[in-house]
$ cat run-v1.txt   # compact mmCIF, C-alpha atoms and all ligand atoms
# COMPACT_ATOMS: atom_id res chain seq x y z
CA MET A 18 4.08 12.74 -4.57
CA ARG A 19 0.49 12.03 -3.46
CA LYS A 20 -2.10 9.40 -4.27
CA LYS A 21 -5.76 9.09 -3.37
CA PHE A 22 -6.01 6.77 -0.39
CA GLY A 23 -8.50 4.05 -1.33
CA LYS A 24 -12.14 5.12 -0.96
CA THR A 25 -11.28 8.31 0.94
CA ASP A 26 -10.68 11.77 -0.48
CA LEU A 27 -7.32 11.96 1.32
CA MET A 28 -4.23 12.48 -0.81
CA THR A 29 -1.34 10.71 0.89
CA SER A 30 2.35 10.04 0.41
CA PRO A 31 3.37 6.45 -0.40
CA ILE A 32 5.52 6.39 2.74
CA VAL A 33 3.76 6.80 6.07
CA TYR A 34 5.76 7.98 9.04
CA GLY A 35 5.56 5.54 12.00
CA CYS A 36 5.63 7.39 15.32
CA MET A 37 6.09 4.45 17.70
CA GLY A 38 9.91 4.48 17.96
CA GLY A 39 9.89 8.18 18.83
CA ALA A 40 8.01 7.34 22.01
CA GLY A 41 10.79 4.99 23.15
CA ALA A 42 9.52 1.65 21.88
CA PHE A 43 13.03 0.64 20.86
CA GLY A 44 14.94 1.95 23.85
CA ALA A 45 16.13 5.28 25.23
CA GLN A 46 15.08 8.14 22.99
CA GLU A 47 15.79 11.86 23.33
CA GLU A 48 12.75 14.06 22.65
CA LYS A 49 14.89 16.39 20.55
CA ASP A 50 15.77 13.49 18.22
CA SER A 51 12.13 12.44 17.90
CA ILE A 52 11.05 15.98 17.03
CA GLU A 53 13.82 16.36 14.46
CA ALA A 54 12.95 12.96 13.00
CA LEU A 55 9.29 13.99 12.60
CA ARG A 56 10.15 17.34 11.02
CA GLY A 57 12.72 15.61 8.80
CA ALA A 58 10.04 13.23 7.56
CA PHE A 59 7.79 16.16 6.64
CA ASP A 60 10.71 17.88 4.89
CA ALA A 61 11.39 14.64 2.98
CA GLY A 62 7.89 14.95 1.50
CA LEU A 63 5.84 12.65 3.75
CA ASN A 64 2.38 13.93 4.70
CA PHE A 65 0.97 10.81 6.39
CA PHE A 66 1.76 10.18 10.08
CA ASP A 67 0.73 7.09 12.02
CA THR A 68 0.44 7.09 15.79
CA ALA A 69 -1.65 5.46 18.54
CA GLU A 70 -2.80 6.11 22.07
CA ALA A 71 -0.75 3.02 23.01
CA TYR A 72 2.59 4.53 21.96
CA GLY A 73 3.95 5.94 25.19
CA ALA A 74 0.39 6.21 26.60
CA GLY A 75 -0.38 9.31 24.50
CA TYR A 76 3.17 10.69 24.45
CA SER A 77 3.66 9.83 20.77
CA GLU A 78 0.52 11.81 19.87
CA GLN A 79 1.78 14.75 21.94
CA LEU A 80 5.15 14.64 20.18
CA LEU A 81 3.47 14.71 16.79
CA ALA A 82 1.50 17.81 17.83
CA LYS A 83 4.65 19.45 19.14
CA ALA A 84 6.66 18.73 15.99
CA LEU A 85 4.04 19.37 13.32
CA GLY A 86 1.11 21.10 14.99
CA ASP A 87 1.44 24.23 12.88
CA ARG A 88 1.28 22.06 9.74
CA ARG A 89 -1.94 20.28 10.75
CA LYS A 90 -3.76 21.16 7.52
CA ASP A 91 -0.89 19.77 5.44
CA ILE A 92 -0.76 16.37 7.11
CA VAL A 93 -2.91 13.29 7.41
CA ILE A 94 -2.99 11.65 10.83
CA SER A 95 -3.95 8.10 11.66
CA SER A 96 -4.26 7.19 15.31
CA LYS A 97 -5.50 4.06 17.03
CA VAL A 98 -7.68 3.14 19.96
CA ASN A 99 -6.41 0.37 22.26
CA LYS A 100 -8.14 -2.99 22.16
CA GLU A 101 -8.99 -2.48 25.86
CA HIS A 102 -11.02 0.61 24.90
CA LEU A 103 -13.35 -0.83 22.27
CA GLY A 104 -16.56 -0.50 24.32
CA ALA A 105 -18.78 2.38 23.13
CA SER A 106 -18.11 4.86 25.95
CA ASP A 107 -14.42 3.87 26.17
CA ILE A 108 -13.91 4.65 22.47
CA MET A 109 -15.54 8.05 22.84
CA GLU A 110 -13.30 8.88 25.81
CA ALA A 111 -10.16 7.52 24.12
CA CYS A 112 -10.82 9.64 21.05
CA GLU A 113 -11.25 12.78 23.20
CA ARG A 114 -7.89 12.04 24.86
CA SER A 115 -6.20 11.53 21.49
CA LEU A 116 -7.66 14.78 20.13
CA LYS A 117 -6.33 16.58 23.17
CA ASN A 118 -2.91 14.96 22.84
CA LEU A 119 -2.78 15.77 19.16
CA LYS A 120 -4.04 19.33 19.76
CA THR A 121 -6.45 18.96 16.89
CA ASP A 122 -10.21 18.84 16.48
CA TYR A 123 -10.21 15.90 14.05
CA ILE A 124 -8.29 12.70 13.32
CA ASP A 125 -8.17 11.77 9.65
CA ILE A 126 -8.26 7.99 10.10
CA TYR A 127 -9.08 6.34 13.42
CA LEU A 128 -8.20 2.66 13.73
CA LEU A 129 -9.20 -0.15 16.06
CA HIS A 130 -5.64 -1.20 17.00
CA TRP A 131 -6.32 -4.93 17.55
CA PRO A 132 -9.46 -7.04 17.56
CA ASN A 133 -11.03 -7.71 20.95
CA ARG A 134 -13.44 -10.59 21.04
CA GLU A 135 -14.81 -9.60 24.43
CA VAL A 136 -16.54 -6.55 22.96
CA PRO A 137 -19.07 -6.98 20.13
CA LEU A 138 -17.52 -5.47 17.01
CA ALA A 139 -20.90 -3.91 16.14
CA GLU A 140 -20.68 -1.82 19.32
CA SER A 141 -17.21 -0.50 18.41
CA MET A 142 -18.32 0.24 14.87
CA GLU A 143 -21.37 2.18 16.04
CA ALA A 144 -19.06 4.26 18.26
CA VAL A 145 -16.65 5.16 15.46
CA LYS A 146 -19.58 6.03 13.17
CA LYS A 147 -20.84 8.38 15.87
CA LEU A 148 -17.39 9.99 16.10
CA GLN A 149 -17.47 10.41 12.34
CA ASP A 150 -20.93 12.01 12.45
CA GLN A 151 -19.62 14.39 15.10
CA GLY A 152 -16.71 15.37 12.83
CA LYS A 153 -14.12 14.16 15.34
CA ILE A 154 -12.76 11.62 12.90
CA ARG A 155 -12.94 11.75 9.12
CA TYR A 156 -12.64 8.01 8.43
CA TYR A 157 -12.21 4.84 10.42
CA GLY A 158 -10.42 1.58 9.83
CA VAL A 159 -8.92 -1.44 11.53
CA SER A 160 -5.52 -2.86 12.28
CA ASN A 161 -4.42 -6.48 12.64
CA PHE A 162 -7.77 -7.73 11.35
CA GLY A 163 -7.33 -11.07 9.57
CA LYS A 164 -9.32 -13.20 7.17
CA LEU A 165 -12.29 -13.63 9.55
CA ASP A 166 -12.25 -10.30 11.38
CA LEU A 167 -11.81 -8.07 8.34
CA PRO A 168 -14.87 -9.28 6.40
CA GLU A 169 -16.95 -8.92 9.58
CA ALA A 170 -15.76 -5.33 9.99
CA LEU A 171 -16.48 -4.60 6.33
CA GLU A 172 -20.04 -5.87 6.79
CA LEU A 173 -20.56 -3.54 9.74
CA GLY A 174 -19.10 -0.29 8.48
CA ASP A 175 -17.28 1.74 5.91
CA VAL A 176 -13.78 0.61 6.89
CA VAL A 177 -11.14 2.41 4.80
CA THR A 178 -7.94 0.52 5.67
CA ASP A 179 -6.42 -2.47 7.46
CA GLN A 180 -3.02 -1.75 9.00
CA LEU A 181 -1.08 -5.00 8.92
CA PRO A 182 2.41 -6.38 9.53
CA TYR A 183 3.91 -6.88 6.09
CA HIS A 184 7.53 -7.05 5.02
CA LEU A 185 9.95 -9.42 3.32
CA PHE A 186 10.27 -11.59 6.44
CA HIS A 187 6.56 -11.68 7.25
CA ARG A 188 4.37 -12.31 4.24
CA ALA A 189 1.52 -14.02 6.10
CA ILE A 190 -1.13 -11.60 4.81
CA GLU A 191 -0.52 -12.83 1.27
CA PHE A 192 -2.33 -16.11 2.02
CA ASP A 193 -5.79 -14.77 2.72
CA VAL A 194 -6.02 -11.14 3.88
CA GLN A 195 -4.41 -9.35 0.95
CA PRO A 196 -6.90 -10.89 -1.53
CA VAL A 197 -9.82 -9.53 0.54
CA CYS A 198 -8.23 -6.07 0.65
CA GLU A 199 -7.66 -6.13 -3.06
CA GLU A 200 -11.17 -7.24 -3.88
CA LYS A 201 -12.80 -4.66 -1.59
CA ASN A 202 -10.47 -1.74 -2.41
CA ILE A 203 -9.10 -1.58 1.12
CA PRO A 204 -5.58 -0.14 1.03
CA ILE A 205 -3.17 -1.90 3.35
CA MET A 206 -0.95 0.19 5.60
CA CYS A 207 2.10 -2.08 6.07
CA TYR A 208 3.93 -1.92 9.35
CA SER A 209 7.39 -3.08 10.43
CA SER A 210 8.35 -2.57 6.80
CA LEU A 211 12.04 -2.59 7.74
CA MET A 212 11.48 -5.39 10.24
CA GLN A 213 12.48 -3.02 13.02
CA GLY A 214 15.88 -2.46 11.40
CA LEU A 215 16.77 -5.97 10.17
CA LEU A 216 15.95 -4.73 6.65
CA ALA A 217 17.91 -1.49 7.05
CA GLY A 218 21.25 -3.08 6.18
CA LYS A 219 22.75 -3.14 9.66
CA TYR A 220 22.88 -6.86 10.38
CA ARG A 221 24.70 -9.58 8.46
CA SER A 222 23.37 -12.30 10.70
CA LEU A 223 20.07 -12.92 12.49
CA ALA A 224 22.20 -13.73 15.53
CA ASP A 225 23.24 -10.05 15.74
CA PHE A 226 19.68 -8.74 15.94
CA PRO A 227 18.88 -7.08 19.30
CA VAL A 228 17.20 -9.53 21.65
CA ASN A 229 14.30 -7.17 22.42
CA ARG A 230 13.43 -7.10 18.71
CA ALA A 231 14.02 -10.80 18.01
CA ARG A 232 10.58 -11.63 19.33
CA THR A 233 8.70 -12.42 16.14
CA THR A 234 7.79 -15.87 14.91
CA LEU A 235 10.87 -15.88 12.66
CA PHE A 236 12.94 -16.51 15.81
CA ASP A 237 13.19 -19.73 17.80
CA HIS A 238 11.66 -19.11 21.24
CA LYS A 239 14.13 -21.56 22.83
CA LYS A 240 17.08 -19.39 21.79
CA TRP A 241 15.67 -15.92 22.35
CA GLY A 242 14.57 -14.96 25.85
CA GLU A 243 12.00 -12.30 24.96
CA CYS A 244 9.71 -14.25 22.61
CA VAL A 245 6.18 -14.63 23.88
CA HIS A 246 5.37 -17.34 21.32
CA THR A 247 6.36 -20.99 21.67
CA LYS A 248 7.34 -21.65 18.06
CA ASP A 249 10.56 -22.99 16.57
CA GLY A 250 10.86 -20.08 14.12
CA ALA A 251 12.45 -20.33 10.69
CA GLU A 252 15.94 -19.03 11.34
CA GLU A 253 17.80 -21.22 8.87
CA ALA A 254 15.52 -20.12 6.04
CA GLY A 255 15.63 -16.58 7.44
CA GLN A 256 19.42 -16.43 7.36
CA LYS A 257 19.45 -17.77 3.79
CA ALA A 258 16.97 -15.05 2.84
CA LEU A 259 19.02 -12.36 4.58
CA ASP A 260 22.18 -13.53 2.76
CA GLU A 261 20.31 -13.38 -0.54
CA ILE A 262 18.91 -9.90 0.21
CA TRP A 263 22.46 -8.74 1.01
CA LYS A 264 23.60 -10.16 -2.34
CA ILE A 265 20.82 -8.33 -4.18
CA THR A 266 21.73 -5.15 -2.24
CA GLU A 267 25.38 -5.36 -3.27
CA GLU A 268 24.67 -6.26 -6.89
CA SER A 269 21.89 -3.71 -7.46
CA GLY A 270 23.49 -0.71 -5.76
CA TYR A 271 20.27 0.00 -3.85
CA ALA A 272 20.38 0.41 -0.09
CA MET A 273 18.66 -2.50 1.67
CA GLU A 274 15.88 -0.25 2.98
CA GLU A 275 15.17 0.85 -0.60
CA LEU A 276 14.77 -2.79 -1.60
CA ALA A 277 12.53 -3.56 1.39
CA VAL A 278 10.29 -0.55 0.80
CA GLY A 279 10.38 -0.69 -3.01
CA TRP A 280 9.21 -4.30 -2.85
CA LEU A 281 6.29 -3.36 -0.56
CA LYS A 282 5.29 -0.43 -2.76
CA SER A 283 4.89 -2.83 -5.67
CA ARG A 284 2.69 -5.31 -3.81
CA ARG A 285 -1.02 -5.67 -4.44
CA ALA A 286 -3.39 -3.51 -2.35
CA VAL A 287 -0.59 -1.70 -0.52
CA GLY A 288 -1.69 1.90 0.06
CA GLY A 289 1.02 3.08 2.44
CA VAL A 290 4.35 1.74 3.64
CA ILE A 291 4.97 2.76 7.25
CA VAL A 292 8.56 3.45 8.21
CA GLY A 293 9.82 4.57 11.61
CA THR A 294 12.99 6.59 12.18
CA ARG A 295 14.77 7.66 15.37
CA ASN A 296 16.59 10.85 14.35
CA ALA A 297 17.07 13.49 11.68
CA GLU A 298 19.75 11.54 9.84
CA GLN A 299 17.53 8.48 9.38
CA SER A 300 14.67 10.74 8.27
CA ARG A 301 16.85 12.22 5.53
CA GLY A 302 16.89 8.67 4.10
CA LEU A 303 13.10 8.78 3.65
CA LYS A 304 13.35 10.89 0.49
CA LYS A 305 14.90 8.04 -1.46
CA LEU A 306 12.23 5.66 -0.12
CA MET A 307 9.55 8.01 -1.47
CA ASP A 308 11.15 7.84 -4.91
CA VAL A 309 12.26 4.21 -5.16
CA ASP A 310 10.71 2.21 -7.99
CA LEU A 311 12.32 -1.20 -8.51
CA ASP A 312 12.34 -3.06 -11.79
CA SER A 313 10.63 -6.40 -12.08
CA SER A 314 13.82 -8.49 -12.08
CA ILE A 315 14.79 -7.12 -8.66
CA LEU A 316 11.24 -7.48 -7.34
CA ASP A 317 11.12 -11.11 -8.46
CA ALA A 318 14.53 -11.82 -6.93
CA LEU A 319 13.36 -10.42 -3.57
CA THR A 320 10.16 -12.45 -3.73
CA ARG A 321 12.08 -15.65 -4.50
CA ALA A 322 14.61 -14.90 -1.75
CA THR A 323 11.86 -14.90 0.87
CA ASP A 324 9.43 -17.54 -0.46
CA GLU A 325 10.82 -20.24 1.82
CA VAL A 326 10.43 -18.07 4.93
CA LYS A 327 6.91 -17.20 3.87
CA ASN A 328 5.96 -20.84 3.45
CA ARG A 329 7.65 -21.93 6.67
CA LEU A 330 5.90 -19.26 8.77
CA GLY A 331 2.48 -19.71 7.16
CA SER A 332 -0.65 -17.59 7.35
CA ASP A 333 -0.72 -16.40 11.00
CA ILE A 334 -0.66 -12.62 10.64
CA ASP A 335 0.23 -11.97 14.30
CA MET A 336 3.95 -11.32 13.87
CA TRP A 337 4.61 -12.03 17.55
CA GLY A 338 2.59 -15.27 17.58
CA LYS A 339 0.39 -14.22 20.47
CA GLY A 340 -2.75 -15.64 18.85
CA ARG A 341 -4.49 -12.27 18.75
CA THR A 342 -5.61 -12.39 15.15
CA ARG A 343 -7.90 -14.60 13.13
N1 LIG A 401 -0.70 -1.51 14.01
C1 LIG A 401 0.19 -2.11 14.77
O1 LIG A 401 -0.13 -3.03 15.54
C2 LIG A 401 1.63 -1.71 14.65
C3 LIG A 401 2.63 -2.51 15.24
C4 LIG A 401 3.95 -2.10 15.10
C5 LIG A 401 4.26 -0.94 14.39
N2 LIG A 401 3.26 -0.19 13.84
C6 LIG A 401 3.55 1.07 13.10
O2 LIG A 401 4.62 0.87 12.22
C7 LIG A 401 5.64 1.81 12.50
C8 LIG A 401 6.99 1.30 12.09
O3 LIG A 401 7.19 -0.06 12.42
P1 LIG A 401 8.29 -0.51 13.39
O4 LIG A 401 8.39 0.59 14.39
O5 LIG A 401 8.00 -1.90 13.79
O6 LIG A 401 9.66 -0.45 12.65
P2 LIG A 401 10.32 -0.34 11.17
O7 LIG A 401 9.85 0.86 10.46
O8 LIG A 401 10.24 -1.67 10.53
O9 LIG A 401 11.83 -0.12 11.65
C9 LIG A 401 12.19 1.02 12.34
C10 LIG A 401 13.69 0.95 12.62
O10 LIG A 401 14.40 0.89 11.40
C11 LIG A 401 15.65 1.52 11.56
N3 LIG A 401 15.83 2.53 10.51
C12 LIG A 401 14.90 3.32 9.94
N4 LIG A 401 15.45 4.12 9.02
C13 LIG A 401 16.76 3.83 9.00
C14 LIG A 401 17.85 4.32 8.26
N5 LIG A 401 17.73 5.28 7.34
N6 LIG A 401 19.07 3.78 8.50
C15 LIG A 401 19.21 2.82 9.42
N7 LIG A 401 18.22 2.33 10.17
C16 LIG A 401 17.01 2.82 9.95
C17 LIG A 401 15.68 2.16 12.94
O11 LIG A 401 16.39 1.25 13.78
P3 LIG A 401 17.23 1.72 15.07
O12 LIG A 401 16.20 1.85 16.15
O13 LIG A 401 18.14 0.55 15.31
O14 LIG A 401 17.93 2.97 14.74
C18 LIG A 401 14.21 2.20 13.31
O15 LIG A 401 13.98 2.15 14.69
C19 LIG A 401 5.44 2.17 13.97
O16 LIG A 401 6.03 3.40 14.32
C20 LIG A 401 3.94 2.23 14.02
O17 LIG A 401 3.49 3.46 13.48
C21 LIG A 401 1.97 -0.58 13.95
$ encode --input "run-v1.txt" --output "structure tokens" --more "lines below"
Ligand SMILES: NC(=O)c1ccc[n+]([C@@H]2O[C@H](COP(=O)([O-])OP(=O)(O)OC[C@H]3O[C@@H](n4cnc5c(N)ncnc54)[C@H](OP(=O)(O)O)[C@@H]3O)[C@@H](O)[C@H]2O)c1
Amino acid sequence: MRKKFGKTDLMTSPIVYGCMGGAGAFGAQEEKDSIEALRGAFDAGLNFFDTAEAYGAGYSEQLLAKALGDRRKDIVISSKVNKEHLGASDIMEACERSLKNLKTDYIDIYLLHWPNREVPLAESMEAVKKLQDQGKIRYYGVSNFGKLDLPEALELGDVVTDQLPYHLFHRAIEFDVQPVCEEKNIPIMCYSSLMQGLLAGKYRSLADFPVNRARTTLFDHKKWGECVHTKDGAEEAGQKALDEIWKITEESGYAMEELAVGWLKSRRAVGGVIVGTRNAEQSRGLKKLMDVDLDSSILDALTRATDEVKNRLGSDIDMWGKGRTR
């Protein structure tokens, strides 16, 4: 199951494998499990793998090479340069490090991980164009670029994607970024599609969510110690939405992750739904996510279930409320 990815000539699976958790982002992680999870994703039919120099300071890229290096020609790799490395020479050096970590001589799509207003965007864009001319990257794109940053990037270069937080509990991009992506044929790579597990059918209540994950603007900073934002959240609306999603899960017979991913697959301008797994068993579940195709009554029910959360949280696309996007 492959589709042409926007303006590129890459043929990619609708589900993109997210490599961040394998590098320990969600707690202790055995390397053996990460490798099996990566190979399991490939066996489930995924050919698109998303990593970043930031994930374990290069370790995630190394893991990907270790797990799938001999399948390099069969996979599409996106990796990202840190916002601290957006100066021209820093980008060139970061890309060399990533190539070395990935044990490859090209990255398919190279993304600016977050905007950095201290470095002129034109300088970063010139650097990625140079990398493209040198054949070290095939395409470039951006991540976490909002309604002001994305059009600026599109003016400066041939950006092929914007990787953005998008899931049932964070629909901020719908206000003003998704329309730009749709108009300009920029496929969105959605991240945190399962809201780091909240949409994987493991939690009946928001109160049960692990404290190190309950950091997004959905959660009230006064109740949760690890939030970096200072917002009141939308937990009452969030719990109502979660209850409703559980109801739809039980009535439809779909697993909750199928609903979460099926809904994203149907949304405008979405070109890839990123999902992260921690072990082989979770990766076996990716096959059904590749296939899921929800009917319109379920899609509408999921949209209605989360409209209030969407409207309460508004258009700030930074899921953690750190004010990094615009
Ligand atoms: N561009 C950016 O700034 C950015 C930011 C964040 C993420 N990302 C990308 O998006 C990827 C995924 O996002 P995310 O890591 O936030 O998380 P996610 O995909 O929303 O959730 C991952 C979690 O879902 C749970 N899960 C997955 N499959 C499951 C299954 N079959 N059964 C039960 N639970 C399951 C696991 O939870 P447990 O850990 O509890 O097992 C897993 O750790 C990252 O790896 C990265 O590639 C990009």
$ closest_atom_pairs --input "run-v1.txt" --of "chain A" --to "ligand LIG 401 (chain A)" --cutoff "6 Å" --atoms "all atoms listed in the file" --output "Markdown table"
| residue | atom | partner | partner_atom | distance |
| --- | --- | --- | --- | --- |
| A:Gly35 | CA | A:LIG401 | O16 | 3.2 |
| A:Cys36 | CA | A:LIG401 | O16 | 4.1 |
| A:Met37 | CA | A:LIG401 | O16 | 3.5 |
| A:Gly38 | CA | A:LIG401 | O16 | 5.4 |
| A:Phe43 | CA | A:LIG401 | O12 | 5.8 |
| A:Asp67 | CA | A:LIG401 | O17 | 4.8 |
| A:Thr68 | CA | A:LIG401 | O17 | 5.3 |
| A:His130 | CA | A:LIG401 | N1 | 5.8 |
| A:Ser160 | CA | A:LIG401 | N1 | 5.3 |
| A:Gln180 | CA | A:LIG401 | N1 | 5.5 |
| A:Tyr208 | CA | A:LIG401 | O2 | 4.1 |
| A:Ser209 | CA | A:LIG401 | O8 | 3.2 |
| A:Ser210 | CA | A:LIG401 | O8 | 4.3 |
| A:Leu211 | CA | A:LIG401 | O8 | 3.4 |
| A:Met212 | CA | A:LIG401 | O8 | 3.9 |
| A:Gln213 | CA | A:LIG401 | O9 | 3.3 |
| A:Gly214 | CA | A:LIG401 | O10 | 3.7 |
| A:Ala217 | CA | A:LIG401 | N7 | 4.9 |
| A:Ile291 | CA | A:LIG401 | O2 | 5.3 |
| A:Val292 | CA | A:LIG401 | O7 | 3.7 |
| A:Gly293 | CA | A:LIG401 | O7 | 3.9 |
| A:Thr294 | CA | A:LIG401 | C12 | 4.4 |
| A:Arg295 | CA | A:LIG401 | O15 | 5.6 |
| A:Gln299 | CA | A:LIG401 | N5 | 3.8 |
| A:Gly302 | CA | A:LIG401 | N5 | 4.8 |
$ residues_around --input "run-v1.txt" --residues "Ala58 of chain A" --least-positions-apart "6" --cutoff "7 Å" --atoms "only C-alpha atoms" --output "number ranges by chain"
A: 34, 300, 303
$ residues_around --input "run-v1.txt" --residues "Lys21 of chain A" --least-positions-apart "5" --cutoff "12 Å" --atoms "only C-alpha atoms" --output "MDAnalysis selection string"
chainID A and resid 26:31 65 93 177 202 204 288:289
$ closest_residue --input "run-v1.txt" --among "A:Val287, A:Leu119, A:Val278, A:Ala105" --to "Lys304 of chain A" --atoms "all atoms listed in the file"
A:Val278
$ residues_around --input "run-v1.txt" --residues "Ala74 of chain A" --least-positions-apart "2" --cutoff "12 Å" --atoms "all atoms listed in the file" --output "list in words"
Met37, Ala40, Gly41, Ala42, Thr68, Ala69, Glu70, Ala71, Tyr72, Tyr76, Ser77, Glu78, Gln79, Leu80, Lys97, Val98, Asn99, Ala111, Arg114, Ser115 and Asn118 of chain A
$ atom_distance --input "run-v1.txt" --atom1 "atom CA of Gln256 of chain A" --atom2 "atom CA of Ser269 of chain A"
19.7 Å
$ residues_near_point --input "run-v1.txt" --point "(11.6, -1.7, -3.6)" --cutoff "7 Å" --atoms "only C-alpha atoms" --output "list in words"
Glu275, Leu276, Ala277, Val278, Gly279, Trp280, Leu281, Lys282, Val309, Asp310, Leu311 and Leu316 of chain A
$ closest_residue --input "run-v1.txt" --among "A:Lys201, A:His102, A:Arg155, A:Lys117" --to "Glu135 of chain A" --atoms "all atoms listed in the file"
A:His102
$ closest_residue --input "run-v1.txt" --among "A:Asp260, A:Glu53, A:Glu200, A:Glu253" --to "Gly23 of chain A" --atoms "only C-alpha atoms"
A:Glu200
$ atom_distance --input "run-v1.txt" --atom1 "atom CA of Lys20 of chain A" --atom2 "atom CA of Gly57 of chain A"
20.7 Å
$ closest_residue --input "run-v1.txt" --among "A:Leu63, A:Val136, A:Met109, A:Leu167" --to "Arg343 of chain A" --atoms "all atoms listed in the file"
A:Leu167
$ closest_residue --input "run-v1.txt" --among "A:Ile205, A:Val197, A:Ala231, A:Ala272" --to "Arg284 of chain A" --atoms "all atoms listed in the file"
A:Ile205
$ closest_residue --input "run-v1.txt" --among "A:Ser222, A:Thr234, A:Asn161, A:Asn296" --to "Lys49 of chain A" --atoms "all atoms listed in the file"
A:Asn296
$ atom_distance --input "run-v1.txt" --atom1 "atom CA of Ile92 of chain A" --atom2 "atom CA of Met307 of chain A"
15.8 Å
$ residues_near_point --input "run-v1.txt" --point "(-17.6, 4.9, 23.4)" --cutoff "10 Å" --atoms "only C-alpha atoms" --output "PyMOL selection string"
chain A and resi 102-112+140-145+147-148
$ axis_aligned_box --input "run-v1.txt" --around "segment 313-316 of chain A" --padding-each-side "5 Å" --output "lines of an AutoDock Vina configuration file"
center_x = 12.7
center_y = -7.4
center_z = -9.7
size_x = 14.2
size_y = 12.1
size_z = 14.7
$ decode --input "run-v1.txt" --residues "segment 114-126 of chain A" --atoms "N, CA and C atoms" --output "PDB file, in the first residue's frame"
ATOM      1  N   ARG A 114      26.596  14.165  10.365  1.00  0.00           N
ATOM      2  CA  ARG A 114      26.470  13.267  11.528  1.00  0.00           C
ATOM      3  C   ARG A 114      25.311  12.301  11.347  1.00  0.00           C
ATOM      4  N   SER A 115      24.178  12.827  10.844  1.00  0.00           N
ATOM      5  CA  SER A 115      23.001  11.973  10.656  1.00  0.00           C
ATOM      6  C   SER A 115      23.279  10.893   9.611  1.00  0.00           C
ATOM      7  N   LEU A 116      23.969  11.285   8.533  1.00  0.00           N
ATOM      8  CA  LEU A 116      24.293  10.292   7.490  1.00  0.00           C
ATOM      9  C   LEU A 116      25.154   9.180   8.074  1.00  0.00           C
ATOM     10  N   LYS A 117      26.073   9.586   8.922  1.00  0.00           N
ATOM     11  CA  LYS A 117      26.966   8.605   9.548  1.00  0.00           C
ATOM     12  C   LYS A 117      26.161   7.699  10.488  1.00  0.00           C
ATOM     13  N   ASN A 118      25.316   8.309  11.295  1.00  0.00           N
ATOM     14  CA  ASN A 118      24.484   7.518  12.209  1.00  0.00           C
ATOM     15  C   ASN A 118      23.600   6.538  11.454  1.00  0.00           C
ATOM     16  N   LEU A 119      23.052   7.029  10.353  1.00  0.00           N
ATOM     17  CA  LEU A 119      22.103   6.214   9.580  1.00  0.00           C
ATOM     18  C   LEU A 119      22.810   5.226   8.645  1.00  0.00           C
ATOM     19  N   LYS A 120      24.138   5.352   8.568  1.00  0.00           N
ATOM     20  CA  LYS A 120      24.942   4.506   7.673  1.00  0.00           C
ATOM     21  C   LYS A 120      24.377   4.518   6.247  1.00  0.00           C
ATOM     22  N   THR A 121      24.127   5.722   5.775  1.00  0.00           N
ATOM     23  CA  THR A 121      23.575   5.871   4.428  1.00  0.00           C
ATOM     24  C   THR A 121      24.254   7.057   3.759  1.00  0.00           C
ATOM     25  N   ASP A 122      24.152   7.155   2.424  1.00  0.00           N
ATOM     26  CA  ASP A 122      24.726   8.343   1.804  1.00  0.00           C
ATOM     27  C   ASP A 122      23.659   9.346   1.368  1.00  0.00           C
ATOM     28  N   TYR A 123      22.395   9.084   1.733  1.00  0.00           N
ATOM     29  CA  TYR A 123      21.361  10.102   1.479  1.00  0.00           C
ATOM     30  C   TYR A 123      20.213   9.948   2.472  1.00  0.00           C
ATOM     31  N   ILE A 124      19.592  11.081   2.772  1.00  0.00           N
ATOM     32  CA  ILE A 124      18.354  11.094   3.585  1.00  0.00           C
ATOM     33  C   ILE A 124      17.240  11.501   2.616  1.00  0.00           C
ATOM     34  N   ASP A 125      16.134  10.798   2.677  1.00  0.00           N
ATOM     35  CA  ASP A 125      15.074  11.090   1.690  1.00  0.00           C
ATOM     36  C   ASP A 125      14.432  12.455   1.932  1.00  0.00           C
ATOM     37  N   ILE A 126      14.069  12.717   3.200  1.00  0.00           N
ATOM     38  CA  ILE A 126      13.458  14.018   3.511  1.00  0.00           C
ATOM     39  C   ILE A 126      14.121  14.554   4.780  1.00  0.00           C
TER      40      ILE A 126
END
